[in-house]
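Engineer: Below is one structure. I have some questions about it.
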Amino acid sequence: MDINKCQLKSLSKDTKAVQYSHMMDFPIKVLQIGEGNFLRGFFDWMIHECNKQGHFMGSIAVTQPRRAGKRKIEEVRRQDGLYTLMLRGFHQGEKMEHAEIISVFSKVIDPYEDWVEFLALSENPELEFVVSNTTEAGLKYQPIPLEEGKPIESFPGKLTAFLYHRYLHFNGDEKKGLIMLPCELLERNGDSLKQCVLKHSRDWDLPKPFMKWVDRDNLFLNSLVDRIVTGFPASESEKLFTEWGYKDTLLNTAEPYHLWAIEGDPCIDHRLPLQQAGLNVRWVKDLTSYQMRKVRILNGSHTLMAPLGILSGMEEVKQAIDHPEFNQFLRNAIEKEIIPSLPFDQNEMMLYGESVLERFKNPFVHHLLADISLNSISKFKVRLLPTLEEYHKAQGRLPACIVRGFSGLIRFYKVREVKESYIGKSFAGKVYVVKDDLSTIEFFKEQWLRYDKGEIPLRQLIEATLSNQYLWGKDLSDIPNLGNEICQYLEGMID
């Protein structure tokens, strides 16, 4: 039996997945651009929680950003907007599993098939918010024409046409502006979206009063989202469907942890009552601290562990965190090197660091180190190099864990080309693939080849690496004792 509104009524009241389900018929207050796993495991769950508590009393019209999303949006329509979300992992030190049917979608629109209906939604006087997740590429400006009656491919283009239709329908009413909440993983995502909308407006020669209305009466809020959403659990799905008594092709899974930091007036929570519902949502004046702590602590830990973990024969984050020595290494890096280098409240940073380590332990998240290792050089530059430099400046010495990780990174790029792939070997001889910018990989391949042939000593390889400004954006060979310490670590990592 498939899940939909008719079938839901016949399901057992004792079914774990549906006992908390609330079928609500509320007015559309949100346009959602994005039908994928993340928004369904993050924002839509939040709205469901708000509605359950009687705060928001609104529903969502959902549409896909790309033509390629047609199959998924049709699945959403076929299931009457219903889907099951399972939250699984550790929460406050205890393992938890919770499944619930989410019921927040009241309208499903394919803008490529129903462009007129999509634009007509802008005439809804109760609409207040536009939420999106179209990937970072989705927020890039693309010069495209505005053609009467033809759907627009890009998300910023769609939004511009949508806002213009709303502006015309309500005669430029200053109270009918919308609040845009982009969730794309891009710094200043709200600012970027606004710039794209205004550029489209100029390109299409739209009236200046409209552009003034966009700028003055609409809000484009920068935000940072944080939750691991793991999607459809293929290996377990049939067992779960048998247990629940229904089939759900949109079944989604996520970790319990969630954070949404939004650069906006806290008063907006009266209209979008996320904090009132007890959710971990912060309305802040400046996102800098949230962005930096996520990049340095969470992302930095990933980048630190991936090369060393792969070299040590590990495949997943959980293997690294379950390994006593590796766990202590990561904990020391976070608590003694990364956090002290951040210019923020240390107690708050320590709490966040603990939450990161707890999230790494999640037995339901199979996060591959090979995936994390993609483009590791540029990731190290952004995520860990600032910690190394700031720690050295403040302490007068180098951070041992970060330097060890840096050494492992250089060893990780000891590769040779095999059938158009770049292959490395772990300490035990296990083969792995390195994926990065071609120029970066070729540089390391050449340096290690010269070392293996005896043409250069290890110290010269390290000096060439540290002084390569293409890799780091600066010359790192001037950092006192960095080359010496890396050399000592690397000597123990080479056959």
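In the structure tokens, chains take letters A, B, ... by order of appearance, with residues numbered from 1 within each chain and ligands from 1 in the order shown.
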Just list as a VMD selection string whatever in range 195-425 of chain A DSSP marks as strand (DSSP E or B).
Structural biologist: chain A and resid 219 to 220 223 to 226 229 247 252 to 254 259 to 263 281 to 284 316 368 416 to 418 421 to 425
Engineer: Quick one: write out the picked residues with C-alpha atoms as a short mmCIF file (atom, residue, chain, number, x, y, z; two decimals), in the first residue's frame?
Structural biologist:
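So the final result, stored in result-v6.cif, reads:
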```
data_model
loop_
_atom_site.label_atom_id
_atom_site.label_comp_id
_atom_site.auth_asym_id
_atom_site.auth_seq_id
_atom_site.Cartn_x
_atom_site.Cartn_y
_atom_site.Cartn_z
CA LEU A 219 13.95 40.77 2.51
CA PHE A 220 16.74 38.54 1.24
CA SER A 223 21.50 32.08 6.47
CA LEU A 224 23.58 29.07 7.39
CA VAL A 225 22.09 25.59 7.63
CA ASP A 226 23.59 22.63 9.46
CA VAL A 229 20.35 14.54 5.81
CA LYS A 247 5.34 2.02 1.03
CA ASN A 252 13.97 10.40 4.17
CA THR A 253 16.48 10.10 7.02
CA ALA A 254 18.47 12.69 8.96
CA LEU A 259 20.97 24.47 13.38
CA TRP A 260 19.68 27.32 11.28
CA ALA A 261 21.38 30.67 11.83
CA ILE A 262 19.56 33.50 10.05
CA GLU A 263 20.84 37.03 9.71
CA VAL A 281 17.16 28.47 15.10
CA ARG A 282 19.10 31.66 15.80
CA TRP A 283 18.11 35.11 14.52
CA VAL A 284 21.41 36.98 14.55
CA GLU A 316 34.20 6.08 7.11
CA LEU A 368 32.88 8.09 3.36
CA ARG A 416 50.89 7.78 -9.76
CA GLU A 417 48.68 7.88 -12.84
CA VAL A 418 46.87 4.66 -13.72
CA SER A 421 43.11 8.06 -12.45
CA TYR A 422 45.56 9.13 -9.75
CA ILE A 423 46.27 6.30 -7.37
CA GLY A 424 47.91 6.37 -3.96
CA LYS A 425 48.68 3.63 -1.44
#
```
Engineer: May I have all residues of range 219-298 of chain A that DSSP, computed from the backbone, assigns to alpha helix (DSSP H), given as a list in words?
Structural biologist: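 The alpha helix (DSSP H) subset of range 219-298 of chain A is Ser237, Glu238, Lys239, Leu240, Phe241, Thr242, Glu243, Trp244, Thr288, Ser289, Tyr290, Gln291, Met292 and Arg293 of chain A.
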Engineer: Go ahead and compute the interatomic distance for CA of His258 in chain A and CA of Gln346 in chain A, in Å to one decimal.
Structural biologist: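 About the pair CA of His258 in chain A and CA of Gln346 in chain A: they are 20.7 Å apart.
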Engineer: At what distance in Å, to one decimal, does CA of Phe118 in chain A lie from CA of His270 in chain A?
Structural biologist: 27.1 Å
Engineer: Using only C-alpha atoms, which of A:Ser467, A:Asn332, A:Thr242, A:Ser439 sits nearest Cys401 in chain A?
Structural biologist: A:Asn332
Engineer: Which residues, written as a PDB file with N, CA and C atoms, in the first residue's frame, have at least one atom at most 12 Å from Pro145 in chain A, with only C-alpha atoms counted and residues fewer than 5 positions away on the same chain left out?
Structural biologist:
```pdb
ATOM      1  N   LYS A 150       6.786  31.546 -21.316  1.00  0.00           N
ATOM      2  CA  LYS A 150       7.772  30.471 -21.315  1.00  0.00           C
ATOM      3  C   LYS A 150       8.448  30.355 -19.948  1.00  0.00           C
ATOM      4  N   PRO A 151       8.546  29.136 -19.415  1.00  0.00           N
ATOM      5  CA  PRO A 151       9.192  28.960 -18.108  1.00  0.00           C
ATOM      6  C   PRO A 151      10.667  29.324 -18.160  1.00  0.00           C
ATOM      7  N   ILE A 152      11.176  29.815 -17.049  1.00  0.00           N
ATOM      8  CA  ILE A 152      12.570  30.233 -16.929  1.00  0.00           C
ATOM      9  C   ILE A 152      13.349  29.148 -16.204  1.00  0.00           C
ATOM     10  N   GLU A 153      14.512  28.824 -16.732  1.00  0.00           N
ATOM     11  CA  GLU A 153      15.303  27.718 -16.197  1.00  0.00           C
ATOM     12  C   GLU A 153      15.941  28.028 -14.847  1.00  0.00           C
ATOM     13  N   SER A 154      16.591  29.178 -14.711  1.00  0.00           N
ATOM     14  CA  SER A 154      17.372  29.455 -13.502  1.00  0.00           C
ATOM     15  C   SER A 154      16.480  29.844 -12.333  1.00  0.00           C
ATOM     16  N   GLY A 157      16.151  33.665 -11.984  1.00  0.00           N
ATOM     17  CA  GLY A 157      15.273  34.149 -13.044  1.00  0.00           C
ATOM     18  C   GLY A 157      13.821  33.866 -12.729  1.00  0.00           C
ATOM     19  N   LYS A 158      13.519  32.643 -12.270  1.00  0.00           N
ATOM     20  CA  LYS A 158      12.152  32.287 -11.868  1.00  0.00           C
ATOM     21  C   LYS A 158      11.646  33.249 -10.796  1.00  0.00           C
ATOM     22  N   THR A 160      12.649  36.261 -10.036  1.00  0.00           N
ATOM     23  CA  THR A 160      12.450  37.612 -10.551  1.00  0.00           C
ATOM     24  C   THR A 160      11.098  37.729 -11.244  1.00  0.00           C
ATOM     25  N   ALA A 161      10.796  36.755 -12.095  1.00  0.00           N
ATOM     26  CA  ALA A 161       9.506  36.765 -12.793  1.00  0.00           C
ATOM     27  C   ALA A 161       8.352  36.637 -11.801  1.00  0.00           C
ATOM     28  N   HIS A 200      18.796  40.592 -13.197  1.00  0.00           N
ATOM     29  CA  HIS A 200      17.772  40.164 -14.154  1.00  0.00           C
ATOM     30  C   HIS A 200      16.804  41.314 -14.439  1.00  0.00           C
ATOM     31  N   SER A 201      16.428  42.038 -13.407  1.00  0.00           N
ATOM     32  CA  SER A 201      15.489  43.151 -13.578  1.00  0.00           C
ATOM     33  C   SER A 201      16.053  44.201 -14.529  1.00  0.00           C
ATOM     34  N   ARG A 202      17.336  44.499 -14.383  1.00  0.00           N
ATOM     35  CA  ARG A 202      17.968  45.477 -15.285  1.00  0.00           C
ATOM     36  C   ARG A 202      18.079  44.913 -16.698  1.00  0.00           C
ATOM     37  N   ASP A 203      18.488  43.635 -16.801  1.00  0.00           N
ATOM     38  CA  ASP A 203      18.638  43.015 -18.120  1.00  0.00           C
ATOM     39  C   ASP A 203      17.322  42.993 -18.882  1.00  0.00           C
ATOM     40  N   TRP A 204      16.237  42.762 -18.163  1.00  0.00           N
ATOM     41  CA  TRP A 204      14.922  42.657 -18.801  1.00  0.00           C
ATOM     42  C   TRP A 204      14.226  44.011 -18.914  1.00  0.00           C
ATOM     43  N   ASP A 205      14.927  45.057 -18.491  1.00  0.00           N
ATOM     44  CA  ASP A 205      14.395  46.421 -18.577  1.00  0.00           C
ATOM     45  C   ASP A 205      13.057  46.546 -17.844  1.00  0.00           C
TER      46      ASP A 205
END
```
Engineer: So, counting only C-alpha atoms, which residue among A:Leu168, A:Leu357, A:Leu374, A:Ala333 is closest to Phe90 in chain A?
Structural biologist: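 The shortest atom-to-atom distance to Phe90 in chain A comes from A:Leu357.
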Engineer: When you look at Gln319 in chain A with a cut-off of 12 Å (counting only C-alpha atoms), what residues show up, excluding the ones that are within fewer than 6 positions of it in the same chain? I need them as a list in words.
Structural biologist: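 My reading of the contact set: Met305, Ala306, Gly309, Ile310, Ser312, Gly313, Glu325, Phe326, Asn327, Phe360, Lys361, Asn362, Pro363, Val365, His366, His367, Leu368 and Leu369 of chain A.
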